[in-house]
file protein-v1.txt (compact mmCIF, C-alpha atoms)
# COMPACT_ATOMS: atom_id res chain seq x y z
CA MET A 1 -51.26 -9.59 82.92
CA ALA A 2 -49.04 -6.96 84.41
CA ALA A 3 -49.71 -8.28 87.88
CA ARG A 4 -48.59 -11.67 86.82
CA THR A 5 -45.20 -10.58 85.59
CA ALA A 6 -44.73 -8.18 88.49
CA GLY A 7 -45.57 -10.89 91.03
CA GLY A 8 -43.19 -13.29 89.31
CA GLY A 9 -40.67 -13.43 92.15
CA GLY A 10 -43.08 -14.03 95.06
CA GLY A 11 -45.59 -15.99 93.02
CA GLY A 12 -42.90 -18.38 91.93
CA VAL A 13 -42.57 -20.00 95.32
CA VAL A 14 -46.35 -20.22 95.70
CA GLU A 15 -46.62 -21.83 92.28
CA TRP A 16 -44.05 -24.42 93.23
CA ILE A 17 -45.89 -25.17 96.47
CA SER A 18 -49.10 -25.50 94.48
CA THR A 19 -47.37 -27.82 92.05
CA ALA A 20 -46.28 -30.06 94.91
CA ALA A 21 -49.75 -29.99 96.48
CA ARG A 22 -51.33 -30.79 93.14
CA LEU A 23 -49.09 -33.78 92.47
CA GLY A 24 -49.36 -34.95 96.08
CA LEU A 25 -53.15 -34.93 95.96
CA ALA A 26 -53.04 -36.66 92.58
CA VAL A 27 -51.02 -39.50 94.11
CA VAL A 28 -53.47 -39.77 97.02
CA TRP A 29 -56.50 -40.03 94.73
CA ALA A 30 -54.79 -42.46 92.36
CA TRP A 31 -53.77 -44.69 95.24
CA ALA A 32 -57.24 -44.54 96.81
CA GLY A 33 -58.95 -45.25 93.50
CA LEU A 34 -56.73 -48.11 92.36
CA ALA A 35 -56.98 -49.87 95.71
CA LYS A 36 -60.76 -50.02 95.43
CA ILE A 37 -61.08 -51.28 91.88
CA SER A 38 -60.01 -54.90 92.00
CA ASP A 39 -63.08 -56.37 93.73
CA PRO A 40 -66.40 -54.54 93.23
CA ALA A 41 -68.11 -56.59 95.96
CA VAL A 42 -65.52 -55.47 98.51
CA ALA A 43 -65.92 -51.83 97.46
CA ALA A 44 -69.69 -52.10 97.80
CA GLN A 45 -69.36 -53.74 101.21
CA ALA A 46 -67.01 -50.98 102.39
CA VAL A 47 -69.76 -48.48 101.57
CA ARG A 48 -72.51 -50.63 103.07
CA ALA A 49 -70.59 -51.04 106.32
CA TYR A 50 -71.09 -47.34 107.13
CA ARG A 51 -74.84 -48.02 107.32
CA ILE A 52 -75.57 -44.54 105.99
CA LEU A 53 -76.66 -44.99 102.39
CA PRO A 54 -79.76 -46.97 101.42
CA GLU A 55 -79.08 -50.33 99.77
CA GLY A 56 -79.99 -48.92 96.35
CA LEU A 57 -77.09 -46.47 96.47
CA VAL A 58 -74.49 -48.81 97.95
CA LYS A 59 -73.39 -50.35 94.66
CA PRO A 60 -73.43 -47.18 92.53
CA VAL A 61 -71.25 -45.42 95.10
CA GLY A 62 -69.00 -48.41 95.68
CA TYR A 63 -68.53 -48.93 91.96
CA GLY A 64 -68.37 -45.29 90.83
CA LEU A 65 -66.29 -43.72 93.59
CA PRO A 66 -62.94 -45.34 92.68
CA PHE A 67 -63.27 -44.16 89.09
CA LEU A 68 -64.20 -40.66 90.25
CA GLU A 69 -61.09 -40.67 92.41
CA LEU A 70 -58.96 -41.79 89.49
CA ALA A 71 -60.43 -39.07 87.28
CA LEU A 72 -59.56 -36.48 89.94
CA ALA A 73 -56.05 -37.90 90.07
CA LEU A 74 -55.71 -37.56 86.32
CA LEU A 75 -57.02 -33.98 86.25
CA LEU A 76 -54.68 -32.95 89.06
CA LEU A 77 -51.76 -34.74 87.46
CA ILE A 78 -52.10 -32.86 84.18
CA GLY A 79 -53.29 -29.71 85.95
CA LEU A 80 -56.56 -29.23 84.14
CA GLY A 81 -59.29 -27.38 86.04
CA VAL A 82 -57.21 -27.47 89.20
CA ARG A 83 -59.46 -25.19 91.21
CA ILE A 84 -62.69 -27.05 90.45
CA ALA A 85 -60.93 -30.42 90.93
CA ALA A 86 -59.69 -29.15 94.28
CA VAL A 87 -63.20 -27.99 95.23
CA VAL A 88 -64.56 -31.46 94.41
CA SER A 89 -61.69 -32.97 96.41
CA VAL A 90 -62.58 -30.84 99.43
CA LEU A 91 -66.24 -31.84 99.21
CA LEU A 92 -65.37 -35.55 98.89
CA LEU A 93 -62.93 -35.42 101.78
CA LEU A 94 -65.45 -33.61 103.97
CA ALA A 95 -67.99 -36.32 103.14
CA PHE A 96 -65.44 -39.01 104.07
CA VAL A 97 -64.58 -37.33 107.35
CA ALA A 98 -68.28 -36.96 108.16
CA GLY A 99 -68.87 -40.63 107.34
CA ILE A 100 -66.01 -41.83 109.53
CA ALA A 101 -67.01 -39.51 112.38
CA SER A 102 -70.57 -40.76 112.13
CA ALA A 103 -69.47 -44.40 112.28
CA TRP A 104 -67.30 -43.55 115.27
CA ALA A 105 -70.12 -41.72 117.01
CA ARG A 106 -72.58 -44.56 116.43
CA GLY A 107 -70.12 -47.04 117.92
CA ILE A 108 -69.96 -49.37 114.93
CA SER A 109 -66.60 -51.00 114.19
CA ILE A 110 -65.47 -50.63 110.62
CA ASP A 111 -62.37 -49.97 108.58
CA CYS A 112 -62.90 -46.74 106.62
CA GLY A 113 -62.03 -48.53 103.38
CA CYS A 114 -60.27 -45.35 102.32
CA PHE A 115 -57.52 -47.22 100.52
CA GLY A 116 -59.20 -50.50 99.73
CA GLY A 117 -60.46 -53.07 102.20
CA GLY A 118 -63.14 -51.75 104.49
CA GLY A 119 -66.07 -53.47 106.12
CA ALA A 120 -66.52 -54.60 109.67
CA VAL A 121 -63.49 -55.07 111.87
CA ASP A 122 -62.94 -55.97 115.48
CA LYS A 123 -63.58 -53.14 117.95
CA SER A 124 -59.89 -53.16 118.88
CA GLN A 125 -58.90 -52.61 115.25
CA THR A 126 -60.79 -49.41 114.53
CA GLN A 127 -58.59 -46.40 113.74
CA TYR A 128 -61.09 -43.61 113.39
CA GLY A 129 -58.81 -40.95 114.87
CA GLN A 130 -55.92 -41.67 112.51
CA GLU A 131 -58.25 -41.98 109.53
CA ILE A 132 -59.82 -38.57 110.19
CA LEU A 133 -56.43 -36.98 110.85
CA ARG A 134 -55.10 -38.37 107.60
CA ASP A 135 -58.08 -37.05 105.67
CA CYS A 136 -57.58 -33.65 107.31
CA GLY A 137 -54.03 -33.65 105.98
CA PHE A 138 -55.40 -34.27 102.50
CA LEU A 139 -57.96 -31.52 103.11
CA LEU A 140 -55.09 -29.08 103.70
CA LEU A 141 -53.62 -29.96 100.30
CA ALA A 142 -56.97 -29.60 98.58
CA GLY A 143 -57.80 -26.37 100.43
CA TRP A 144 -54.47 -24.86 99.41
CA LEU A 145 -55.23 -25.65 95.78
CA VAL A 146 -58.65 -24.03 96.01
CA ALA A 147 -56.96 -20.84 97.17
CA ARG A 148 -53.87 -21.08 94.95
CA PRO A 149 -54.69 -23.22 91.93
CA ARG A 150 -51.99 -21.72 89.68
CA SER A 151 -49.03 -24.06 89.42
CA ARG A 152 -46.13 -25.08 87.20
CA PHE A 153 -46.43 -27.63 84.41
CA SER A 154 -50.19 -27.44 84.24
CA VAL A 155 -52.60 -27.54 81.33
CA ASP A 156 -54.36 -24.61 83.00
CA GLY A 157 -51.19 -22.53 82.66
CA TRP A 158 -50.72 -23.59 79.09
CA LEU A 159 -54.35 -22.68 78.25
CA ALA A 160 -54.01 -19.27 79.91
CA ALA A 161 -50.81 -18.40 78.03
CA MET B 162 -57.05 22.69 68.44
CA SER B 163 -54.21 20.33 68.30
CA GLU B 164 -54.69 19.70 71.96
CA LYS B 165 -58.32 18.93 71.49
CA ASN B 166 -57.44 16.64 68.69
CA ARG B 167 -54.89 14.81 70.80
CA SER B 168 -57.31 14.32 73.65
CA GLY B 169 -59.89 13.02 71.17
CA LYS B 170 -57.37 10.53 69.86
CA ARG B 171 -56.47 9.43 73.33
CA THR B 172 -60.04 8.72 74.25
CA ALA B 173 -60.47 6.69 71.12
CA ARG B 174 -57.38 4.71 71.92
CA GLU B 175 -58.45 4.31 75.50
CA ARG B 176 -61.85 3.23 74.40
CA MET B 177 -60.29 0.66 72.10
CA LEU B 178 -58.07 -0.63 74.89
CA GLU B 179 -61.00 -0.82 77.24
CA GLU B 180 -63.01 -2.72 74.71
CA ARG B 181 -60.15 -5.07 74.15
CA ALA B 182 -59.73 -5.62 77.88
CA ALA B 183 -63.43 -6.31 78.22
CA GLN B 184 -63.21 -8.74 75.35
CA ASP B 185 -60.20 -10.41 76.92
CA ALA B 186 -62.01 -10.71 80.23
CA GLN B 187 -65.03 -12.18 78.54
CA HIS B 188 -62.83 -14.55 76.65
CA ALA B 189 -61.06 -15.63 79.84
CA LYS B 190 -64.38 -16.08 81.59
CA LYS B 191 -65.63 -18.24 78.76
CA LYS B 192 -62.46 -20.32 78.92
CA LYS B 193 -62.87 -20.73 82.66
CA LEU B 194 -66.45 -21.88 82.34
CA LEU B 195 -65.43 -24.26 79.60
CA VAL B 196 -62.75 -25.78 81.81
CA ILE B 197 -65.17 -26.12 84.73
CA GLY B 198 -67.71 -27.73 82.43
CA ALA B 199 -65.09 -30.09 81.03
CA VAL B 200 -63.97 -31.12 84.53
CA VAL B 201 -67.53 -31.79 85.68
CA VAL B 202 -68.20 -33.83 82.56
CA VAL B 203 -64.97 -35.81 82.98
CA LEU B 204 -65.83 -36.62 86.60
CA ALA B 205 -69.42 -37.59 85.82
CA VAL B 206 -68.41 -39.74 82.87
CA ALA B 207 -65.70 -41.43 84.96
CA ALA B 208 -68.19 -42.30 87.71
CA GLY B 209 -70.68 -43.55 85.12
CA ILE B 210 -68.07 -45.71 83.42
CA GLY B 211 -67.05 -47.02 86.84
CA ILE B 212 -70.59 -48.06 87.67
CA ALA B 213 -71.01 -49.76 84.30
CA VAL B 214 -67.62 -51.52 84.32
CA GLN B 215 -67.84 -52.71 87.92
CA SER B 216 -71.44 -53.89 87.49
CA SER B 217 -70.42 -56.03 84.56
CA ARG B 218 -67.38 -57.33 86.46
CA SER B 219 -69.19 -58.11 89.70
CA SER B 220 -70.68 -61.52 90.01
CA SER B 221 -74.42 -61.79 90.27
CA ASP B 222 -76.11 -62.16 93.64
CA THR B 223 -78.19 -64.93 92.10
CA PRO B 224 -76.10 -68.09 91.64
CA SER B 225 -75.98 -69.82 88.26
CA ALA B 226 -75.94 -73.20 89.99
CA ALA B 227 -76.65 -74.26 93.57
CA PRO B 228 -75.77 -77.55 95.26
CA ALA B 229 -78.54 -80.15 95.41
CA GLY B 230 -80.86 -79.72 98.37
CA ALA B 231 -79.87 -76.12 99.12
CA ILE B 232 -82.79 -74.13 100.52
CA GLY B 233 -84.01 -70.58 100.94
CA PRO B 234 -84.59 -67.84 98.39
CA LYS B 235 -81.94 -68.31 95.68
CA ASN B 236 -80.93 -71.61 97.34
CA LEU B 237 -78.07 -70.10 99.33
CA VAL B 238 -78.49 -72.13 102.52
CA ILE B 239 -77.33 -75.68 103.19
CA PRO B 240 -79.73 -77.59 105.43
CA ASP B 241 -78.73 -80.33 107.84
CA GLY B 242 -81.11 -82.37 109.96
CA PRO B 243 -84.89 -82.68 109.72
CA ALA B 244 -86.71 -79.78 108.07
CA ASN B 245 -89.73 -80.44 110.26
CA ALA B 246 -87.81 -80.01 113.52
CA PRO B 247 -89.43 -77.36 115.73
CA ALA B 248 -86.24 -75.31 116.20
CA THR B 249 -83.84 -73.91 113.62
CA LEU B 250 -80.18 -73.25 114.18
CA THR B 251 -78.80 -70.77 111.64
CA VAL B 252 -75.03 -70.71 111.38
CA TYR B 253 -72.93 -68.27 109.36
CA GLU B 254 -69.38 -69.52 109.15
CA ASP B 255 -66.28 -69.11 107.05
CA PRO B 256 -64.10 -72.15 106.35
CA ARG B 257 -60.99 -70.13 107.27
CA CYS B 258 -62.31 -68.47 110.42
CA PRO B 259 -60.60 -69.80 113.54
CA ALA B 260 -63.51 -68.98 115.86
CA CYS B 261 -65.75 -71.03 113.54
CA GLY B 262 -63.30 -73.91 113.83
CA GLN B 263 -63.42 -73.65 117.62
CA PHE B 264 -67.21 -73.49 117.58
CA GLU B 265 -67.50 -76.50 115.30
CA ARG B 266 -65.01 -78.62 117.21
CA GLU B 267 -66.80 -77.90 120.46
CA PHE B 268 -70.42 -77.97 119.31
CA ALA B 269 -70.68 -80.22 116.24
CA PRO B 270 -71.36 -83.40 118.28
CA THR B 271 -74.14 -81.67 120.23
CA VAL B 272 -75.66 -80.06 117.14
CA ASP B 273 -75.54 -83.36 115.23
CA GLN B 274 -77.20 -85.12 118.14
CA LEU B 275 -79.98 -82.52 118.45
CA GLN B 276 -80.60 -82.79 114.72
CA ASP B 277 -80.70 -86.57 114.81
CA GLN B 278 -83.16 -86.42 117.70
CA GLY B 279 -85.50 -84.39 115.52
CA LYS B 280 -85.13 -81.33 117.73
CA LEU B 281 -83.10 -79.08 115.50
CA TYR B 282 -82.90 -78.09 111.83
CA GLY B 283 -79.45 -76.78 110.88
CA ASN B 284 -79.18 -73.98 108.31
CA TYR B 285 -75.65 -73.27 107.17
CA HIS B 286 -74.51 -70.12 105.39
CA ILE B 287 -71.00 -70.83 104.12
CA VAL B 288 -69.50 -67.36 103.82
CA SER B 289 -66.06 -66.45 102.52
CA PHE B 290 -65.08 -63.00 103.75
CA ILE B 291 -61.74 -63.95 105.33
CA ASP B 292 -60.25 -64.08 101.82
CA ARG B 293 -60.98 -60.34 101.60
CA HIS B 294 -59.44 -59.49 104.95
CA ASP B 295 -56.37 -61.69 104.72
CA GLY B 296 -56.15 -62.13 100.98
CA GLY B 297 -56.10 -65.55 99.40
CA LYS B 298 -58.49 -68.19 98.12
CA GLY B 299 -58.93 -70.64 100.99
CA SER B 300 -62.36 -69.48 102.11
CA LYS B 301 -63.79 -69.53 98.62
CA ASN B 302 -62.19 -72.87 97.72
CA GLY B 303 -63.35 -74.35 101.03
CA ALA B 304 -66.88 -73.03 100.58
CA ASN B 305 -67.02 -74.42 97.04
CA ALA B 306 -65.75 -77.80 98.26
CA LEU B 307 -68.45 -77.81 100.95
CA ALA B 308 -71.04 -77.10 98.27
CA CYS B 309 -69.61 -80.00 96.25
CA ALA B 310 -69.90 -82.23 99.32
CA GLN B 311 -73.51 -81.11 99.80
CA ASP B 312 -74.15 -81.85 96.15
CA ALA B 313 -72.83 -85.37 96.72
CA GLY B 314 -74.82 -85.73 99.95
CA TYR B 315 -71.91 -85.64 102.42
CA PHE B 316 -72.10 -82.11 103.77
CA ARG B 317 -72.13 -82.89 107.49
CA ALA B 318 -69.24 -85.32 107.46
CA TYR B 319 -67.03 -83.21 105.20
CA HIS B 320 -67.88 -80.06 107.15
CA ASP B 321 -66.69 -81.81 110.34
CA VAL B 322 -63.50 -83.02 108.66
CA LEU B 323 -62.68 -79.56 107.28
CA TYR B 324 -62.99 -77.83 110.64
CA LYS B 325 -60.98 -80.56 112.38
CA ASN B 326 -58.18 -79.96 109.90
CA GLN B 327 -58.47 -76.21 109.64
CA PRO B 328 -55.17 -74.42 108.91
CA ASP B 329 -54.17 -71.26 110.76
CA GLU B 330 -56.16 -68.25 109.56
CA THR B 331 -53.02 -66.59 108.19
CA VAL B 332 -51.85 -69.73 106.37
CA ASP B 333 -53.90 -70.01 103.21
CA ALA B 334 -53.43 -73.77 102.89
CA TRP B 335 -56.72 -74.28 101.04
CA LYS B 336 -55.70 -72.08 98.14
CA ASP B 337 -54.35 -75.45 97.05
CA LYS B 338 -57.47 -77.40 96.04
CA SER B 339 -55.70 -80.73 96.25
CA LYS B 340 -55.58 -80.29 100.05
CA LEU B 341 -59.39 -80.10 100.06
CA ILE B 342 -59.59 -83.24 97.93
CA ASP B 343 -57.15 -85.04 100.26
CA LEU B 344 -59.41 -84.20 103.20
CA ALA B 345 -62.42 -85.57 101.31
CA LYS B 346 -60.73 -88.99 101.42
CA GLN B 347 -61.48 -89.03 105.16
CA VAL B 348 -65.19 -89.16 104.34
CA PRO B 349 -66.01 -92.65 103.07
CA GLY B 350 -67.84 -92.41 99.77
CA LEU B 351 -67.26 -88.71 99.10
CA ASP B 352 -64.14 -88.69 96.96
CA SER B 353 -65.05 -89.36 93.35
CA PRO B 354 -64.11 -87.99 89.93
CA THR B 355 -67.30 -85.91 90.05
CA PHE B 356 -66.37 -84.43 93.43
CA GLU B 357 -62.80 -83.76 92.36
CA SER B 358 -63.83 -82.02 89.16
CA CYS B 359 -66.42 -80.02 91.13
CA VAL B 360 -63.67 -78.80 93.50
CA ASN B 361 -61.10 -78.21 90.78
CA SER B 362 -63.43 -76.41 88.39
CA ASN B 363 -64.84 -74.24 91.18
CA LYS B 364 -68.27 -75.44 90.05
CA PHE B 365 -70.22 -73.51 92.68
CA GLY B 366 -68.08 -70.34 92.50
CA SER B 367 -71.05 -68.15 91.63
CA TRP B 368 -73.03 -69.70 94.49
CA VAL B 369 -70.18 -69.02 96.93
CA SER B 370 -70.07 -65.40 95.81
CA ALA B 371 -73.85 -65.06 96.08
CA VAL B 372 -73.83 -66.51 99.61
CA GLU B 373 -71.15 -64.00 100.60
CA GLN B 374 -73.11 -61.10 99.09
CA ASP B 375 -76.17 -62.27 100.99
CA PHE B 376 -74.09 -62.25 104.20
CA ASP B 377 -72.84 -58.75 103.34
CA LYS B 378 -76.43 -57.56 103.33
CA SER B 379 -77.45 -59.53 106.42
CA GLY B 380 -76.09 -56.94 108.82
CA TYR B 381 -74.16 -59.65 110.68
CA THR B 382 -70.52 -58.73 110.62
CA SER B 383 -68.61 -61.59 112.16
CA THR B 384 -68.42 -65.36 112.09
CA PRO B 385 -69.53 -67.56 113.57
CA THR B 386 -72.92 -65.95 113.85
CA VAL B 387 -75.22 -68.50 115.44
CA LEU B 388 -78.97 -67.96 115.70
CA LEU B 389 -81.50 -70.15 117.47
CA ASN B 390 -84.88 -69.48 115.87
CA GLY B 391 -83.47 -66.19 114.58
CA LYS B 392 -82.05 -65.02 117.91
CA PRO B 393 -78.27 -64.67 118.33
CA ILE B 394 -76.89 -67.15 120.88
CA TYR B 395 -73.15 -66.90 120.19
CA PRO B 396 -71.08 -66.17 122.17
CA LYS B 397 -73.90 -65.42 124.61
CA ASN B 398 -77.64 -65.84 124.80
CA GLY B 399 -78.66 -62.92 127.00
CA ASN B 400 -76.30 -63.30 129.94
CA ASP B 401 -75.59 -66.99 129.51
CA GLU B 402 -72.47 -68.21 127.71
CA ILE B 403 -73.07 -70.80 125.07
CA THR B 404 -71.92 -74.29 126.11
CA PRO B 405 -72.99 -77.66 124.73
CA ASP B 406 -75.18 -78.17 127.81
CA ASN B 407 -76.73 -74.73 127.52
CA LEU B 408 -77.41 -75.26 123.83
CA VAL B 409 -79.34 -78.45 124.60
CA LYS B 410 -81.20 -76.62 127.38
CA TRP B 411 -82.09 -73.66 125.11
CA VAL B 412 -83.29 -75.93 122.31
CA ASP B 413 -85.42 -77.96 124.74
CA GLU B 414 -86.89 -74.76 126.20
CA ALA B 415 -87.69 -73.42 122.74
CA ASN B 416 -89.26 -76.72 121.73
CA GLN B 417 -91.42 -77.12 124.85
CA GLY B 418 -94.81 -78.46 123.93
CA LYS B 419 -93.87 -78.88 120.28
CA LYS B 420 -93.73 -82.12 118.38
CA PRO B 421 -90.19 -83.18 117.43
CA GLY B 422 -89.38 -83.65 113.77
CA THR B 423 -88.24 -86.77 112.01
CA THR B 424 -85.54 -88.59 113.97
CA GLY B 425 -82.57 -90.53 112.71
CA SER B 426 -79.30 -89.28 111.37
CA GLY B 427 -79.58 -86.78 108.59
CA SER B 428 -83.02 -88.04 107.68
CA ALA B 429 -84.23 -84.91 105.96
CA SER B 430 -80.98 -83.98 104.29
CA PRO B 431 -79.82 -85.76 101.17
CA ALA B 432 -79.87 -89.44 102.02
CA PRO B 433 -76.15 -90.30 101.83
CA THR B 434 -75.47 -88.01 104.81
CA SER B 435 -76.71 -90.79 107.06
CA THR B 436 -73.90 -93.08 105.91
CA ALA B 437 -71.43 -90.33 106.65
CA ALA B 438 -72.96 -89.67 110.03
CA GLU B 439 -72.80 -93.31 110.95
CA SER B 440 -69.13 -93.45 110.13
CA ASP B 441 -68.57 -90.27 112.11
CA PRO B 442 -67.55 -91.90 115.41
CA ALA B 443 -64.72 -93.66 113.61
CA LEU B 444 -63.42 -90.31 112.38
CA GLN B 445 -64.01 -88.39 115.58
CA PRO B 446 -63.49 -90.39 118.74
CA SER B 447 -64.75 -87.40 120.72
CA GLY B 448 -67.96 -87.24 118.70
CA GLY B 449 -71.08 -87.98 120.71
CA GLY B 450 -72.74 -89.58 117.70
CA SER B 451 -76.08 -91.27 117.60

call {"tool": "encode", "arguments": {"input": "protein-v1.txt", "output": "structure tokens"}}
result
Amino acid sequence: MAARTAGGGGGGVVEWISTAARLGLAVVWAWAGLAKISDPAVAAQAVRAYRILPEGLVKPVGYGLPFLELALALLLLIGLGVRIAAVVSVLLLLAFVAGIASAWARGISIDCGCFGGGGAVDKSQTQYGQEILRDCGFLLLAGWLVARPRSRFSVDGWLAA
Amino acid sequence: MSEKNRSGKRTARERMLEERAAQDAQHAKKKKLLVIGAVVVVLAVAAGIGIAVQSSRSSSDTPSAAPAGAIGPKNLVIPDGPANAPATLTVYEDPRCPACGQFEREFAPTVDQLQDQGKLYGNYHIVSFIDRHDGGKGSKNGANALACAQDAGYFRAYHDVLYKNQPDETVDAWKDKSKLIDLAKQVPGLDSPTFESCVNSNKFGSWVSAVEQDFDKSGYTSTPTVLLNGKPIYPKNGNDEITPDNLVKWVDEANQGKKPGTTGSGSASPAPTSTAAESDPALQPSGGGS
């Protein structure tokens, strides 16, 4: 308790950075989730195109993932369980990066389907480098929140008070 | 004495504070675990709801109705030519795909001829994935209209007319179903109230979606995908480019020593196709008809 009040000056800036990271990551997940919801068949095909998961898991992942992303967005937006939400975000993003890298390494031509779309594309239209770089940017946000989950305007803060 | 007393008091107070701190810590820990538990539950429930909602929203991979004469498991394939021909040409194509249009304009006369000579059995998978890539409805509407034409027995002729009048990939002209009905007027006998209501009501919508889902799972990723007896021959068969002459050569090689199937235009497909095929040369001066 004492540490919290004493660290008020320095911690303030960190808390504001965390608030920005939290809201930024919330927007990313909301955008990613919403873009994948409209057509379940497209979402399933985006997953299938990676040729990693067995057919039996393609639909559950394609159908469930966008809602999981939206739930993460909601938790981050209200600031409930920020650290655990950030840990899940890191794990998801690492899985995405691994998936994209694997597709790249195997020489198949797909769109990552990160923000809707997905599936096979022409070889000239693959953007694996950018897609991985973008996900790494999101990883920085999520990683920051794992380390510094305390932020302004959060349910976590309200619960701790 | 008083000192002893004071120190005794202090320890009691300290002990109380310590206990309180321990309680607080335990309380905080409990709260933390509760929050973690809540988050995990929220995420799991969200994913579960997603799977349930999207499953109920997604169309079945088994069509509720298929056009007459469609073949294969679940009747997703439109046949053209004699079923007893020794060679099978499997074609995956999207009504909006420009490369499919090019393929059809270049090869349809040859393919029709091979079929009518009893050498080749055409198997058409009418997929509709361009609508996903470019947005729009043209692929799905076009595929449904082709199913309607098959249902009426005019698949080959209408298929040729569609690809001869194919709009640019980026122009979704066939989102307007009346354009598809207008094109049907170029096929004598096809346009009828039944055909028009079939196109307008998207009668074979579930079939179109099932065909696309089947293509999704096929592992083929582009159109046209053209297989001769299951082996890809487009754009190349081994080192040889596909050309009308090469296609004839490959089919003849594959059929060596085998008995040709029934000859005559569209003999094995629904009967009316023959009428359409006969009127083909009038529609397509370049067509090397029977």

call {"tool": "atom_distance", "arguments": {"input": "protein-v1.txt", "atom1": "atom CA of A:Ala101", "atom2": "atom CA of A:Phe138"}}
result
16.1 Å

call {"tool": "closest_atom_pairs", "arguments": {"input": "protein-v1.txt", "of": "chain B", "to": "chain A", "cutoff": "10 Å", "atoms": "only C-alpha atoms", "output": "Markdown table"}}
result
| residue | atom | partner | partner_atom | distance |
| --- | --- | --- | --- | --- |
| B:Ala189 | CA | A:Ala160 | CA | 7.9 |
| B:Lys192 | CA | A:Leu159 | CA | 8.5 |
| B:Lys193 | CA | A:Gly81 | CA | 8.3 |
| B:Leu194 | CA | A:Gly81 | CA | 9.8 |
| B:Leu195 | CA | A:Gly81 | CA | 9.4 |
| B:Val196 | CA | A:Gly81 | CA | 5.7 |
| B:Ile197 | CA | A:Gly81 | CA | 6.2 |
| B:Gly198 | CA | A:Gly81 | CA | 9.2 |
| B:Ala199 | CA | A:Gly81 | CA | 8.1 |
| B:Val200 | CA | A:Gly81 | CA | 6.2 |
| B:Val201 | CA | A:Ile84 | CA | 8.3 |
| B:Val203 | CA | A:Ala71 | CA | 7.1 |
| B:Leu204 | CA | A:Leu68 | CA | 5.7 |
| B:Ala205 | CA | A:Leu68 | CA | 7.5 |
| B:Val206 | CA | A:Leu68 | CA | 8.5 |
| B:Ala207 | CA | A:Phe67 | CA | 5.5 |
| B:Ala208 | CA | A:Gly64 | CA | 4.3 |
| B:Gly209 | CA | A:Gly64 | CA | 6.4 |
| B:Ile210 | CA | A:Gly64 | CA | 7.4 |
| B:Gly211 | CA | A:Gly64 | CA | 4.5 |
| B:Ile212 | CA | A:Gly64 | CA | 4.8 |
| B:Ala213 | CA | A:Tyr63 | CA | 8.1 |
| B:Val214 | CA | A:Tyr63 | CA | 8.1 |
| B:Gln215 | CA | A:Tyr63 | CA | 5.6 |
| B:Ser216 | CA | A:Tyr63 | CA | 7.3 |
| B:Ser217 | CA | A:Pro40 | CA | 9.7 |
| B:Arg218 | CA | A:Pro40 | CA | 7.4 |
| B:Ser219 | CA | A:Pro40 | CA | 5.7 |
| B:Ser220 | CA | A:Ala41 | CA | 8.1 |
| B:Ser221 | CA | A:Ala41 | CA | 10.0 |
| B:Phe290 | CA | A:Val42 | CA | 9.2 |
| B:Arg293 | CA | A:Gly117 | CA | 7.3 |
| B:His294 | CA | A:Gly117 | CA | 7.1 |
| B:Asp295 | CA | A:Gly117 | CA | 9.9 |
| B:Ser370 | CA | A:Ala41 | CA | 9.0 |
| B:Glu373 | CA | A:Ala41 | CA | 9.3 |
| B:Gln374 | CA | A:Ala41 | CA | 7.4 |
| B:Asp377 | CA | A:Gln45 | CA | 6.5 |
| B:Lys378 | CA | A:Arg48 | CA | 8.0 |
| B:Gly380 | CA | A:Ala49 | CA | 8.4 |
| B:Tyr381 | CA | A:Ala120 | CA | 9.2 |
| B:Thr382 | CA | A:Ala120 | CA | 5.8 |
| B:Ser383 | CA | A:Ala120 | CA | 7.7 |

call {"tool": "atom_distance", "arguments": {"input": "protein-v1.txt", "atom1": "atom CA of B:Gln276", "atom2": "atom CA of B:Asp401"}}
result
22.2 Å

call {"tool": "atom_distance", "arguments": {"input": "protein-v1.txt", "atom1": "atom CA of B:Ala231", "atom2": "atom CA of B:Ala306"}}
result
14.2 Å

call {"tool": "residues_around", "arguments": {"input": "protein-v1.txt", "residues": "B:Lys392", "least_positions_apart": "5", "cutoff": "10 Å", "atoms": "only C-alpha atoms", "output": "list in words"}}
result
Leu250, Thr251, Val387, Asn398 and Gly399 of chain B

call {"tool": "closest_residue", "arguments": {"input": "protein-v1.txt", "among": "B:Ser367, B:Ile342, B:Tyr395, B:Lys280", "to": "B:Asp222", "atoms": "only C-alpha atoms"}}
result
B:Ser367

call {"tool": "residues_near_point", "arguments": {"input": "protein-v1.txt", "point": "(-51.2, -35.1, 95.9)", "cutoff": "12 Å", "atoms": "all atoms listed in the file", "output": "PyMOL selection string"}}
result
chain A and resi 17-32+69+72-79+82+85-86+89+137-145

call {"tool": "residues_around", "arguments": {"input": "protein-v1.txt", "residues": "B:Asp255", "least_positions_apart": "2", "cutoff": "9 Å", "atoms": "all atoms listed in the file", "output": "PyMOL selection string"}}
result
chain B and resi 253+257-259+261-262+286-291+300-301+303-304+384-385
